[in-house]
file query36.pdb (PDB, C-alpha atoms, pLDDT in the B column)
ATOM      1  CA  ARG A 441     -12.661   6.907 -14.024  1.00 69.00           C
ATOM      2  CA  ASP A 442     -16.183   7.495 -12.764  1.00 73.00           C
ATOM      3  CA  THR A 443     -16.386  11.123 -13.867  1.00 77.00           C
ATOM      4  CA  ASP A 444     -18.717  11.891 -16.749  1.00 74.00           C
ATOM      5  CA  HIS A 445     -16.788  13.415 -19.648  1.00 74.00           C
ATOM      6  CA  SER A 446     -17.862  14.673 -23.029  1.00 76.00           C
ATOM      7  CA  GLU A 447     -17.399  12.476 -26.069  1.00 79.00           C
ATOM      8  CA  ARG A 448     -14.207  14.297 -27.002  1.00 80.00           C
ATOM      9  CA  ARG A 449     -12.762  13.326 -23.607  1.00 84.00           C
ATOM     10  CA  ALA A 450     -13.886   9.697 -23.758  1.00 85.00           C
ATOM     11  CA  TYR A 451     -10.209   8.664 -23.726  1.00 90.00           C
ATOM     12  CA  PHE A 452      -9.871   9.894 -20.118  1.00 90.00           C
ATOM     13  CA  LYS A 453     -11.016   6.447 -18.932  1.00 92.00           C
ATOM     14  CA  ASP A 454      -8.217   4.899 -20.994  1.00 94.00           C
ATOM     15  CA  VAL A 455      -5.739   7.254 -19.342  1.00 95.00           C
ATOM     16  CA  ALA A 456      -7.036   6.167 -15.919  1.00 95.00           C
ATOM     17  CA  ASP A 457      -6.246   2.547 -16.848  1.00 96.00           C
ATOM     18  CA  LEU A 458      -2.830   3.583 -18.174  1.00 97.00           C
ATOM     19  CA  ILE A 459      -1.972   5.446 -14.956  1.00 97.00           C
ATOM     20  CA  ALA A 460      -2.909   2.398 -12.841  1.00 97.00           C
ATOM     21  CA  VAL A 461      -0.744   0.089 -14.971  1.00 97.00           C
ATOM     22  CA  LEU A 462       2.188   2.527 -14.861  1.00 97.00           C
ATOM     23  CA  MET A 463       1.884   2.871 -11.102  1.00 96.00           C
ATOM     24  CA  ASP A 464       1.797  -0.895 -10.604  1.00 97.00           C
ATOM     25  CA  SER A 465       4.669  -1.649 -12.982  1.00 96.00           C
ATOM     26  CA  GLY A 466       7.059   1.277 -12.681  1.00 94.00           C
ATOM     27  CA  MET A 467       7.020   1.721 -16.441  1.00 95.00           C
ATOM     28  CA  ARG A 468       7.701   5.110 -17.966  1.00 92.00           C
ATOM     29  CA  LEU A 469       4.841   6.797 -19.839  1.00 94.00           C
ATOM     30  CA  SER A 470       6.534   6.102 -23.179  1.00 92.00           C
ATOM     31  CA  GLU A 471       6.943   2.426 -22.262  1.00 93.00           C
ATOM     32  CA  GLY A 472       3.260   2.108 -21.408  1.00 95.00           C
ATOM     33  CA  LEU A 473       2.166   3.844 -24.590  1.00 95.00           C
ATOM     34  CA  ASP A 474       4.496   1.702 -26.728  1.00 94.00           C
ATOM     35  CA  LEU A 475       3.421  -1.548 -25.049  1.00 95.00           C
ATOM     36  CA  SER A 476       1.861  -4.167 -27.299  1.00 94.00           C
ATOM     37  CA  TYR A 477       0.189  -7.444 -26.392  1.00 95.00           C
ATOM     38  CA  LYS A 478       3.043  -9.450 -27.905  1.00 95.00           C
ATOM     39  CA  ASP A 479       5.106  -8.094 -24.995  1.00 95.00           C
ATOM     40  CA  ILE A 480       2.659  -9.294 -22.340  1.00 97.00           C
ATOM     41  CA  ASP A 481       2.813 -12.916 -21.244  1.00 96.00           C
ATOM     42  CA  PHE A 482      -0.257 -13.749 -19.187  1.00 96.00           C
ATOM     43  CA  GLU A 483       1.050 -17.287 -18.524  1.00 96.00           C
ATOM     44  CA  SER A 484       4.303 -16.157 -16.906  1.00 97.00           C
ATOM     45  CA  ASN A 485       2.638 -12.956 -15.631  1.00 97.00           C
ATOM     46  CA  LEU A 486       5.385 -10.766 -17.126  1.00 97.00           C
ATOM     47  CA  ILE A 487       5.493  -7.574 -19.141  1.00 97.00           C
ATOM     48  CA  SER A 488       8.612  -7.386 -21.323  1.00 95.00           C
ATOM     49  CA  ILE A 489       9.884  -3.901 -22.049  1.00 92.00           C
ATOM     50  CA  TRP A 490      12.292  -4.081 -24.963  1.00 87.00           C
ATOM     51  CA  ILE A 491      12.777  -0.442 -25.943  1.00 72.00           C
ATOM     52  CA  ASN A 492      13.316   2.087 -23.196  1.00 66.00           C
ATOM     53  CA  LYS A 493      15.285   5.137 -22.141  1.00 69.00           C
ATOM     54  CA  GLY A 494      18.164   3.149 -20.689  1.00 64.00           C
ATOM     55  CA  ASP A 495      18.328   0.763 -23.662  1.00 71.00           C
ATOM     56  CA  ARG A 496      18.069  -2.033 -21.082  1.00 77.00           C
ATOM     57  CA  PRO A 497      15.355  -4.577 -21.861  1.00 86.00           C
ATOM     58  CA  ARG A 498      13.639  -5.875 -18.741  1.00 90.00           C
ATOM     59  CA  SER A 499      10.664  -7.911 -17.611  1.00 94.00           C
ATOM     60  CA  VAL A 500       8.321  -6.765 -14.885  1.00 95.00           C
ATOM     61  CA  PRO A 501       5.831  -9.015 -13.067  1.00 96.00           C
ATOM     62  CA  MET A 502       2.223  -7.829 -13.193  1.00 97.00           C
ATOM     63  CA  THR A 503       0.168  -7.016 -10.142  1.00 97.00           C
ATOM     64  CA  LYS A 504      -3.363  -8.418 -10.042  1.00 97.00           C
ATOM     65  CA  ARG A 505      -4.734  -4.965 -10.870  1.00 97.00           C
ATOM     66  CA  ALA A 506      -2.424  -4.428 -13.857  1.00 97.00           C
ATOM     67  CA  ARG A 507      -3.104  -7.930 -15.144  1.00 97.00           C
ATOM     68  CA  SER A 508      -6.860  -7.416 -14.856  1.00 97.00           C
ATOM     69  CA  ILE A 509      -6.762  -4.073 -16.661  1.00 97.00           C
ATOM     70  CA  LEU A 510      -4.570  -5.409 -19.465  1.00 97.00           C
ATOM     71  CA  SER A 511      -6.653  -8.561 -19.839  1.00 96.00           C
ATOM     72  CA  ILE A 512      -9.923  -6.631 -20.068  1.00 95.00           C
ATOM     73  CA  ARG A 513      -8.424  -4.177 -22.544  1.00 95.00           C
ATOM     74  CA  GLN A 514      -7.163  -7.021 -24.737  1.00 93.00           C
ATOM     75  CA  ALA A 515     -10.751  -8.022 -25.480  1.00 89.00           C
ATOM     76  CA  VAL A 516     -11.294  -4.550 -26.972  1.00 85.00           C
ATOM     77  CA  ASN A 517      -7.992  -4.124 -28.778  1.00 80.00           C
ATOM     78  CA  GLN A 518      -5.876  -7.094 -29.796  1.00 79.00           C
ATOM     79  CA  VAL A 519      -2.678  -5.206 -30.679  1.00 87.00           C
ATOM     80  CA  LYS A 520      -1.995  -2.543 -28.029  1.00 94.00           C
ATOM     81  CA  PRO A 521      -3.522  -1.949 -24.626  1.00 96.00           C
ATOM     82  CA  PHE A 522      -3.327   1.824 -24.992  1.00 96.00           C
ATOM     83  CA  ASN A 523      -4.014   3.612 -28.267  1.00 93.00           C
ATOM     84  CA  LEU A 524      -3.253   6.999 -26.828  1.00 95.00           C
ATOM     85  CA  LYS A 525      -0.915   9.820 -27.756  1.00 94.00           C
ATOM     86  CA  ASP A 526       1.386  11.582 -25.291  1.00 93.00           C
ATOM     87  CA  HIS A 527      -0.684  14.762 -25.506  1.00 95.00           C
ATOM     88  CA  GLN A 528      -3.895  12.891 -24.609  1.00 95.00           C
ATOM     89  CA  ALA A 529      -2.321  11.483 -21.448  1.00 96.00           C
ATOM     90  CA  GLU A 530      -1.000  14.947 -20.582  1.00 95.00           C
ATOM     91  CA  THR A 531      -4.391  16.592 -21.235  1.00 94.00           C
ATOM     92  CA  ALA A 532      -6.136  14.114 -18.940  1.00 94.00           C
ATOM     93  CA  TRP A 533      -3.404  14.605 -16.326  1.00 94.00           C
ATOM     94  CA  GLN A 534      -3.845  18.386 -16.446  1.00 94.00           C
ATOM     95  CA  TRP A 535      -7.559  17.873 -15.785  1.00 93.00           C
ATOM     96  CA  VAL A 536      -6.753  15.640 -12.782  1.00 92.00           C
ATOM     97  CA  ARG A 537      -4.318  18.212 -11.400  1.00 93.00           C
ATOM     98  CA  LYS A 538      -6.941  20.939 -11.734  1.00 93.00           C
ATOM     99  CA  GLU A 539      -9.590  18.794 -10.013  1.00 91.00           C
ATOM    100  CA  MET A 540      -7.168  18.159  -7.144  1.00 93.00           C
ATOM    101  CA  GLY A 541      -6.232  21.836  -6.861  1.00 94.00           C
ATOM    102  CA  LEU A 542      -2.658  21.039  -7.923  1.00 94.00           C
ATOM    103  CA  GLU A 543      -2.573  22.723 -11.315  1.00 90.00           C
ATOM    104  CA  GLY A 544       0.195  25.050 -10.126  1.00 90.00           C
ATOM    105  CA  ASP A 545       2.381  22.215  -8.854  1.00 92.00           C
ATOM    106  CA  LYS A 546       4.914  21.719 -11.648  1.00 88.00           C
ATOM    107  CA  GLU A 547       6.429  18.708  -9.843  1.00 90.00           C
ATOM    108  CA  PHE A 548       3.176  16.705  -9.869  1.00 92.00           C
ATOM    109  CA  VAL A 549       3.599  15.156 -13.283  1.00 93.00           C
ATOM    110  CA  ILE A 550       2.699  11.686 -14.583  1.00 94.00           C
ATOM    111  CA  HIS A 551       6.272  10.514 -14.061  1.00 89.00           C
ATOM    112  CA  SER A 552       6.364  11.390 -10.362  1.00 87.00           C
ATOM    113  CA  ALA A 553       2.850  10.149  -9.721  1.00 90.00           C
ATOM    114  CA  THR A 554       3.513   6.758 -11.277  1.00 93.00           C
ATOM    115  CA  ARG A 555       7.203   5.777 -11.353  1.00 91.00           C
ATOM    116  CA  HIS A 556       8.201   7.517  -8.144  1.00 91.00           C
ATOM    117  CA  THR A 557       5.116   6.226  -6.359  1.00 92.00           C
ATOM    118  CA  CYS A 558       5.861   2.683  -7.519  1.00 94.00           C
ATOM    119  CA  ALA A 559       9.461   2.937  -6.315  1.00 92.00           C
ATOM    120  CA  SER A 560       8.460   4.561  -3.019  1.00 91.00           C
ATOM    121  CA  ARG A 561       5.883   1.879  -2.279  1.00 92.00           C
ATOM    122  CA  LEU A 562       8.382  -0.888  -3.026  1.00 93.00           C
ATOM    123  CA  VAL A 563      11.082   0.651  -0.812  1.00 90.00           C
ATOM    124  CA  ASN A 564       8.612   1.396   1.999  1.00 88.00           C
ATOM    125  CA  ALA A 565       7.544  -2.258   1.882  1.00 89.00           C
ATOM    126  CA  GLY A 566      11.157  -3.345   2.410  1.00 87.00           C
ATOM    127  CA  VAL A 567      12.042  -4.369  -1.143  1.00 91.00           C
ATOM    128  CA  ASP A 568      15.798  -4.326  -1.718  1.00 91.00           C
ATOM    129  CA  LEU A 569      17.068  -1.321  -3.700  1.00 91.00           C
ATOM    130  CA  TYR A 570      18.742  -3.588  -6.261  1.00 93.00           C
ATOM    131  CA  VAL A 571      15.389  -5.232  -6.978  1.00 94.00           C
ATOM    132  CA  VAL A 572      13.742  -1.802  -7.313  1.00 93.00           C
ATOM    133  CA  LYS A 573      16.566  -0.843  -9.700  1.00 93.00           C
ATOM    134  CA  ASP A 574      15.784  -3.849 -11.894  1.00 92.00           C
ATOM    135  CA  ILE A 575      12.037  -3.233 -11.863  1.00 93.00           C
ATOM    136  CA  LEU A 576      12.468   0.410 -12.886  1.00 92.00           C
ATOM    137  CA  GLY A 577      15.240  -0.371 -15.358  1.00 88.00           C
ATOM    138  CA  HIS A 578      17.739   2.071 -13.912  1.00 89.00           C
ATOM    139  CA  ALA A 579      21.212   1.792 -15.436  1.00 86.00           C
ATOM    140  CA  SER A 580      22.870   2.555 -12.107  1.00 88.00           C
ATOM    141  CA  ILE A 581      22.044   1.867  -8.478  1.00 91.00           C
ATOM    142  CA  ALA A 582      22.923   5.518  -7.825  1.00 90.00           C
ATOM    143  CA  THR A 583      19.694   6.550  -9.541  1.00 86.00           C
ATOM    144  CA  THR A 584      17.675   4.185  -7.377  1.00 89.00           C
ATOM    145  CA  GLN A 585      19.365   5.347  -4.180  1.00 87.00           C
ATOM    146  CA  ILE A 586      17.272   8.521  -4.151  1.00 84.00           C
ATOM    147  CA  TYR A 587      14.629   6.294  -2.556  1.00 83.00           C
ATOM    148  CA  ALA A 588      16.922   4.866   0.154  1.00 79.00           C
ATOM    149  CA  HIS A 589      15.853   7.448   2.739  1.00 76.00           C
ATOM    150  CA  LEU A 590      12.355   5.973   2.623  1.00 74.00           C
ATOM    151  CA  ALA A 591      13.511   2.838   4.422  1.00 71.00           C
ATOM    152  CA  PRO A 592      15.094   3.974   7.721  1.00 68.00           C
ATOM    153  CA  HIS A 593      13.739   0.783   9.299  1.00 68.00           C
ATOM    154  CA  LYS A 594      16.458  -1.071   7.388  1.00 69.00           C
ATOM    155  CA  LEU A 595      19.049   0.644   9.586  1.00 67.00           C
ATOM    156  CA  VAL A 596      17.261  -0.506  12.712  1.00 73.00           C
ATOM    157  CA  ASP A 597      16.974  -4.025  11.309  1.00 72.00           C
ATOM    158  CA  ALA A 598      20.649  -4.048  10.408  1.00 72.00           C
ATOM    159  CA  MET A 599      21.731  -2.925  13.879  1.00 77.00           C
ATOM    160  CA  SER A 600      19.521  -5.554  15.513  1.00 79.00           C
ATOM    161  CA  VAL A 601      21.919  -8.149  14.092  1.00 79.00           C
ATOM    162  CA  LEU A 602      24.526  -6.843  16.499  1.00 82.00           C
ATOM    163  CA  GLU A 603      22.238  -7.591  19.438  1.00 83.00           C
ATOM    164  CA  ASP A 604      22.623 -11.312  18.825  1.00 70.00           C
TER     165      ASP A 604
END
call {"tool": "encode", "arguments": {"input": "query36.pdb", "output": "structure tokens"}}
result
Amino acid sequence: RDTDHSERRAYFKDVADLIAVLMDSGMRLSEGLDLSYKDIDFESNLISIWINKGDRPRSVPMTKRARSILSIRQAVNQVKPFNLKDHQAETAWQWVRKEMGLEGDKEFVIHSATRHTCASRLVNAGVDLYVVKDILGHASIATTQIYAHLAPHKLVDAMSVLED
């Protein structure tokens, strides 16, 4: 965000905002790029995602950071928060990977850095897997269960019930 880019890379700052919103909401890249302000309710603090991979509309509460970013961006563009193309987000992401020395890491893609990080943070904080499933819009709990290993403390907590 604070890196000086040429005029042709001015959209990199927009991508930085997009990445933060994706990370805080669990939205897919396509969902973030398709998002319009008619789908954001600042009064109820919800983002409604109507069209998605799983064909399962859902609403996701906004974090303070996501809400702030989206609110600030609304003053600039009244229709959509992000007027970016897929290839622009990918170009900016390739630059980030190179700066981090991870350009050869084929697993470090926008999807894993945003959606997986969101899910991992939720599970590590003790959020129930079924809630994580709903936030991410997974069709099946089996998909969400790939994050279950991140919460071994839940096993300890469960067994402590037997102590009583």
call {"tool": "closest_residue", "arguments": {"input": "query36.pdb", "among": "A:Ile575, A:Ile550, A:Val567, A:Leu458", "to": "Pro501 in chain A", "atoms": "all atoms listed in the file"}}
result
A:Ile575
call {"tool": "closest_atom_pairs", "arguments": {"input": "query36.pdb", "of": "range 452-471 of chain A", "to": "range 543-549 of chain A", "cutoff": "12 Å", "atoms": "all atoms listed in the file", "output": "tab-separated table"}}
result
residue	atom	partner	partner_atom	distance
A:Ile459	CA	A:Val549	CA	11.3
A:Arg468	CA	A:Val549	CA	11.8
A:Leu469	CA	A:Val549	CA	10.7
call {"tool": "resolve_selection", "arguments": {"input": "query36.pdb", "expression": "the PyMOL selection byres ((chain A and resi 558-566) around 9)", "output": "mmCIF file with C-alpha atoms, keeping the file's coordinate frame"}}
result
data_model
loop_
_atom_site.group_PDB
_atom_site.id
_atom_site.type_symbol
_atom_site.label_atom_id
_atom_site.label_comp_id
_atom_site.auth_asym_id
_atom_site.auth_seq_id
_atom_site.Cartn_x
_atom_site.Cartn_y
_atom_site.Cartn_z
ATOM 1 C CA LEU A 462 2.188 2.527 -14.861
ATOM 2 C CA MET A 463 1.884 2.871 -11.102
ATOM 3 C CA ASP A 464 1.797 -0.895 -10.604
ATOM 4 C CA SER A 465 4.669 -1.649 -12.982
ATOM 5 C CA GLY A 466 7.059 1.277 -12.681
ATOM 6 C CA ALA A 553 2.850 10.149 -9.721
ATOM 7 C CA THR A 554 3.513 6.758 -11.277
ATOM 8 C CA ARG A 555 7.203 5.777 -11.353
ATOM 9 C CA HIS A 556 8.201 7.517 -8.144
ATOM 10 C CA THR A 557 5.116 6.226 -6.359
ATOM 11 C CA VAL A 567 12.042 -4.369 -1.143
ATOM 12 C CA ASP A 568 15.798 -4.326 -1.718
ATOM 13 C CA LEU A 569 17.068 -1.321 -3.700
ATOM 14 C CA VAL A 572 13.742 -1.802 -7.313
ATOM 15 C CA LYS A 573 16.566 -0.843 -9.700
ATOM 16 C CA ILE A 575 12.037 -3.233 -11.863
ATOM 17 C CA LEU A 576 12.468 0.410 -12.886
ATOM 18 C CA THR A 584 17.675 4.185 -7.377
ATOM 19 C CA TYR A 587 14.629 6.294 -2.556
ATOM 20 C CA ALA A 588 16.922 4.866 0.154
ATOM 21 C CA LEU A 590 12.355 5.973 2.623
ATOM 22 C CA ALA A 591 13.511 2.838 4.422
ATOM 23 C CA HIS A 593 13.739 0.783 9.299
ATOM 24 C CA LYS A 594 16.458 -1.071 7.388
#
call {"tool": "atom_distance", "arguments": {"input": "query36.pdb", "atom1": "CA of Met540 in chain A", "atom2": "CA of Thr443 in chain A"}}
result
13.4 Å
call {"tool": "atom_distance", "arguments": {"input": "query36.pdb", "atom1": "CA of Leu475 in chain A", "atom2": "CA of Lys538 in chain A"}}
result
28.1 Å
call {"tool": "atom_distance", "arguments": {"input": "query36.pdb", "atom1": "CA of His445 in chain A", "atom2": "CA of Ala529 in chain A"}}
result
14.7 Å
call {"tool": "closest_residue", "arguments": {"input": "query36.pdb", "among": "A:Ile581, A:Leu510, A:Ala460, A:Leu524", "to": "Phe482 in chain A", "atoms": "all atoms listed in the file"}}
result
A:Leu510
call {"tool": "resolve_selection", "arguments": {"input": "query36.pdb", "expression": "the PyMOL selection byres ((chain A and resi 483-492) around 10)", "output": "PyMOL selection string"}}
result
chain A and resi 465+467-468+470-472+474-482+493-504+507+577
call {"tool": "resolve_selection", "arguments": {"input": "query36.pdb", "expression": "the PyMOL selection byres ((chain A and resi 452) around 12)", "output": "ChimeraX atom specification"}}
result
/A:441-451,453-459,522-525,527-536
call {"tool": "axis_aligned_box", "arguments": {"input": "query36.pdb", "around": "range 459-467 of chain A", "padding_each_side": "8 Å", "output": "AutoDock Vina command-line options"}}
result
--center_x 2.1 --center_y 1.9 --center_z -13.5 --size_x 26.0 --size_y 23.1 --size_z 21.8
call {"tool": "closest_residue", "arguments": {"input": "query36.pdb", "among": "A:Leu473, A:Glu539, A:Val461, A:His551", "to": "Lys520 in chain A", "atoms": "all atoms listed in the file"}}
result
A:Leu473
call {"tool": "build_atoms", "arguments": {"input": "query36.pdb", "residues": "range 447-458 of chain A", "atoms": "all heavy atoms", "output": "PDB file, in the frame of the given file"}}
result
ATOM      1  N   GLU A 447     -17.861  13.475 -25.105  1.00 79.00           N
ATOM      2  CA  GLU A 447     -17.399  12.476 -26.069  1.00 79.00           C
ATOM      3  C   GLU A 447     -15.956  12.733 -26.497  1.00 79.00           C
ATOM      4  O   GLU A 447     -15.182  11.810 -26.718  1.00 79.00           O
ATOM      5  CB  GLU A 447     -18.321  12.484 -27.289  1.00 79.00           C
ATOM      6  CG  GLU A 447     -18.176  11.246 -28.143  1.00 79.00           C
ATOM      7  CD  GLU A 447     -19.228  11.189 -29.226  1.00 79.00           C
ATOM      8  OE1 GLU A 447     -20.425  11.178 -28.895  1.00 79.00           O
ATOM      9  OE2 GLU A 447     -18.827  11.174 -30.402  1.00 79.00           O
ATOM     10  N   ARG A 448     -15.574  13.994 -26.576  1.00 80.00           N
ATOM     11  CA  ARG A 448     -14.207  14.297 -27.002  1.00 80.00           C
ATOM     12  C   ARG A 448     -13.178  13.982 -25.903  1.00 80.00           C
ATOM     13  O   ARG A 448     -11.992  13.980 -26.167  1.00 80.00           O
ATOM     14  CB  ARG A 448     -14.087  15.739 -27.485  1.00 80.00           C
ATOM     15  CG  ARG A 448     -14.270  16.784 -26.437  1.00 80.00           C
ATOM     16  CD  ARG A 448     -14.223  18.190 -27.056  1.00 80.00           C
ATOM     17  NE  ARG A 448     -14.424  19.183 -26.040  1.00 80.00           N
ATOM     18  CZ  ARG A 448     -13.445  19.793 -25.400  1.00 80.00           C
ATOM     19  NH1 ARG A 448     -12.203  19.526 -25.690  1.00 80.00           N
ATOM     20  NH2 ARG A 448     -13.703  20.686 -24.461  1.00 80.00           N
ATOM     21  N   ARG A 449     -13.651  13.729 -24.698  1.00 84.00           N
ATOM     22  CA  ARG A 449     -12.762  13.326 -23.607  1.00 84.00           C
ATOM     23  C   ARG A 449     -13.010  11.875 -23.192  1.00 84.00           C
ATOM     24  O   ARG A 449     -12.650  11.472 -22.101  1.00 84.00           O
ATOM     25  CB  ARG A 449     -12.975  14.226 -22.400  1.00 84.00           C
ATOM     26  CG  ARG A 449     -12.440  15.619 -22.588  1.00 84.00           C
ATOM     27  CD  ARG A 449     -12.613  16.400 -21.319  1.00 84.00           C
ATOM     28  NE  ARG A 449     -11.928  17.666 -21.370  1.00 84.00           N
ATOM     29  CZ  ARG A 449     -11.962  18.562 -20.403  1.00 84.00           C
ATOM     30  NH1 ARG A 449     -12.665  18.313 -19.313  1.00 84.00           N
ATOM     31  NH2 ARG A 449     -11.311  19.683 -20.514  1.00 84.00           N
ATOM     32  N   ALA A 450     -13.593  11.102 -24.066  1.00 85.00           N
ATOM     33  CA  ALA A 450     -13.886   9.697 -23.758  1.00 85.00           C
ATOM     34  C   ALA A 450     -12.618   8.919 -23.438  1.00 85.00           C
ATOM     35  O   ALA A 450     -12.646   7.947 -22.677  1.00 85.00           O
ATOM     36  CB  ALA A 450     -14.624   9.051 -24.934  1.00 85.00           C
ATOM     37  N   TYR A 451     -11.485   9.354 -23.963  1.00 90.00           N
ATOM     38  CA  TYR A 451     -10.209   8.664 -23.726  1.00 90.00           C
ATOM     39  C   TYR A 451      -9.695   8.842 -22.292  1.00 90.00           C
ATOM     40  O   TYR A 451      -8.750   8.162 -21.891  1.00 90.00           O
ATOM     41  CB  TYR A 451      -9.152   9.137 -24.736  1.00 90.00           C
ATOM     42  CG  TYR A 451      -8.760  10.593 -24.596  1.00 90.00           C
ATOM     43  CD1 TYR A 451      -7.716  10.965 -23.753  1.00 90.00           C
ATOM     44  CD2 TYR A 451      -9.417  11.586 -25.306  1.00 90.00           C
ATOM     45  CE1 TYR A 451      -7.345  12.289 -23.621  1.00 90.00           C
ATOM     46  CE2 TYR A 451      -9.055  12.910 -25.192  1.00 90.00           C
ATOM     47  CZ  TYR A 451      -8.018  13.255 -24.346  1.00 90.00           C
ATOM     48  OH  TYR A 451      -7.646  14.571 -24.217  1.00 90.00           O
ATOM     49  N   PHE A 452     -10.302   9.702 -21.503  1.00 90.00           N
ATOM     50  CA  PHE A 452      -9.871   9.894 -20.118  1.00 90.00           C
ATOM     51  C   PHE A 452      -9.935   8.579 -19.329  1.00 90.00           C
ATOM     52  O   PHE A 452      -9.103   8.318 -18.479  1.00 90.00           O
ATOM     53  CB  PHE A 452     -10.721  10.960 -19.426  1.00 90.00           C
ATOM     54  CG  PHE A 452     -10.257  12.381 -19.676  1.00 90.00           C
ATOM     55  CD1 PHE A 452      -9.569  12.736 -20.826  1.00 90.00           C
ATOM     56  CD2 PHE A 452     -10.532  13.365 -18.762  1.00 90.00           C
ATOM     57  CE1 PHE A 452      -9.158  14.046 -21.059  1.00 90.00           C
ATOM     58  CE2 PHE A 452     -10.124  14.681 -18.966  1.00 90.00           C
ATOM     59  CZ  PHE A 452      -9.437  15.022 -20.116  1.00 90.00           C
ATOM     60  N   LYS A 453     -10.918   7.739 -19.615  1.00 92.00           N
ATOM     61  CA  LYS A 453     -11.016   6.447 -18.932  1.00 92.00           C
ATOM     62  C   LYS A 453      -9.842   5.541 -19.316  1.00 92.00           C
ATOM     63  O   LYS A 453      -9.339   4.782 -18.501  1.00 92.00           O
ATOM     64  CB  LYS A 453     -12.344   5.773 -19.248  1.00 92.00           C
ATOM     65  CG  LYS A 453     -13.544   6.495 -18.647  1.00 92.00           C
ATOM     66  CD  LYS A 453     -14.843   5.765 -18.928  1.00 92.00           C
ATOM     67  CE  LYS A 453     -16.059   6.539 -18.517  1.00 92.00           C
ATOM     68  NZ  LYS A 453     -16.091   7.100 -17.209  1.00 92.00           N
ATOM     69  N   ASP A 454      -9.397   5.651 -20.559  1.00 94.00           N
ATOM     70  CA  ASP A 454      -8.217   4.899 -20.994  1.00 94.00           C
ATOM     71  C   ASP A 454      -6.973   5.381 -20.259  1.00 94.00           C
ATOM     72  O   ASP A 454      -6.121   4.584 -19.872  1.00 94.00           O
ATOM     73  CB  ASP A 454      -8.007   5.049 -22.510  1.00 94.00           C
ATOM     74  CG  ASP A 454      -9.136   4.445 -23.324  1.00 94.00           C
ATOM     75  OD1 ASP A 454      -9.787   3.498 -22.840  1.00 94.00           O
ATOM     76  OD2 ASP A 454      -9.372   4.932 -24.443  1.00 94.00           O
ATOM     77  N   VAL A 455      -6.876   6.688 -20.072  1.00 95.00           N
ATOM     78  CA  VAL A 455      -5.739   7.254 -19.342  1.00 95.00           C
ATOM     79  C   VAL A 455      -5.761   6.778 -17.890  1.00 95.00           C
ATOM     80  O   VAL A 455      -4.712   6.466 -17.320  1.00 95.00           O
ATOM     81  CB  VAL A 455      -5.709   8.794 -19.438  1.00 95.00           C
ATOM     82  CG1 VAL A 455      -4.585   9.365 -18.575  1.00 95.00           C
ATOM     83  CG2 VAL A 455      -5.544   9.242 -20.890  1.00 95.00           C
ATOM     84  N   ALA A 456      -6.938   6.672 -17.302  1.00 95.00           N
ATOM     85  CA  ALA A 456      -7.036   6.167 -15.919  1.00 95.00           C
ATOM     86  C   ALA A 456      -6.479   4.753 -15.842  1.00 95.00           C
ATOM     87  O   ALA A 456      -5.731   4.421 -14.904  1.00 95.00           O
ATOM     88  CB  ALA A 456      -8.490   6.204 -15.449  1.00 95.00           C
ATOM     89  N   ASP A 457      -6.805   3.906 -16.814  1.00 96.00           N
ATOM     90  CA  ASP A 457      -6.246   2.547 -16.848  1.00 96.00           C
ATOM     91  C   ASP A 457      -4.734   2.593 -17.033  1.00 96.00           C
ATOM     92  O   ASP A 457      -3.997   1.854 -16.376  1.00 96.00           O
ATOM     93  CB  ASP A 457      -6.863   1.740 -17.991  1.00 96.00           C
ATOM     94  CG  ASP A 457      -8.257   1.228 -17.691  1.00 96.00           C
ATOM     95  OD1 ASP A 457      -8.708   1.324 -16.524  1.00 96.00           O
ATOM     96  OD2 ASP A 457      -8.902   0.714 -18.632  1.00 96.00           O
ATOM     97  N   LEU A 458      -4.268   3.449 -17.926  1.00 97.00           N
ATOM     98  CA  LEU A 458      -2.830   3.583 -18.174  1.00 97.00           C
ATOM     99  C   LEU A 458      -2.096   3.980 -16.898  1.00 97.00           C
ATOM    100  O   LEU A 458      -1.074   3.386 -16.551  1.00 97.00           O
ATOM    101  CB  LEU A 458      -2.585   4.620 -19.277  1.00 97.00           C
ATOM    102  CG  LEU A 458      -1.129   5.012 -19.531  1.00 97.00           C
ATOM    103  CD1 LEU A 458      -0.311   3.829 -20.042  1.00 97.00           C
ATOM    104  CD2 LEU A 458      -1.059   6.187 -20.510  1.00 97.00           C
TER     105      LEU A 458
END
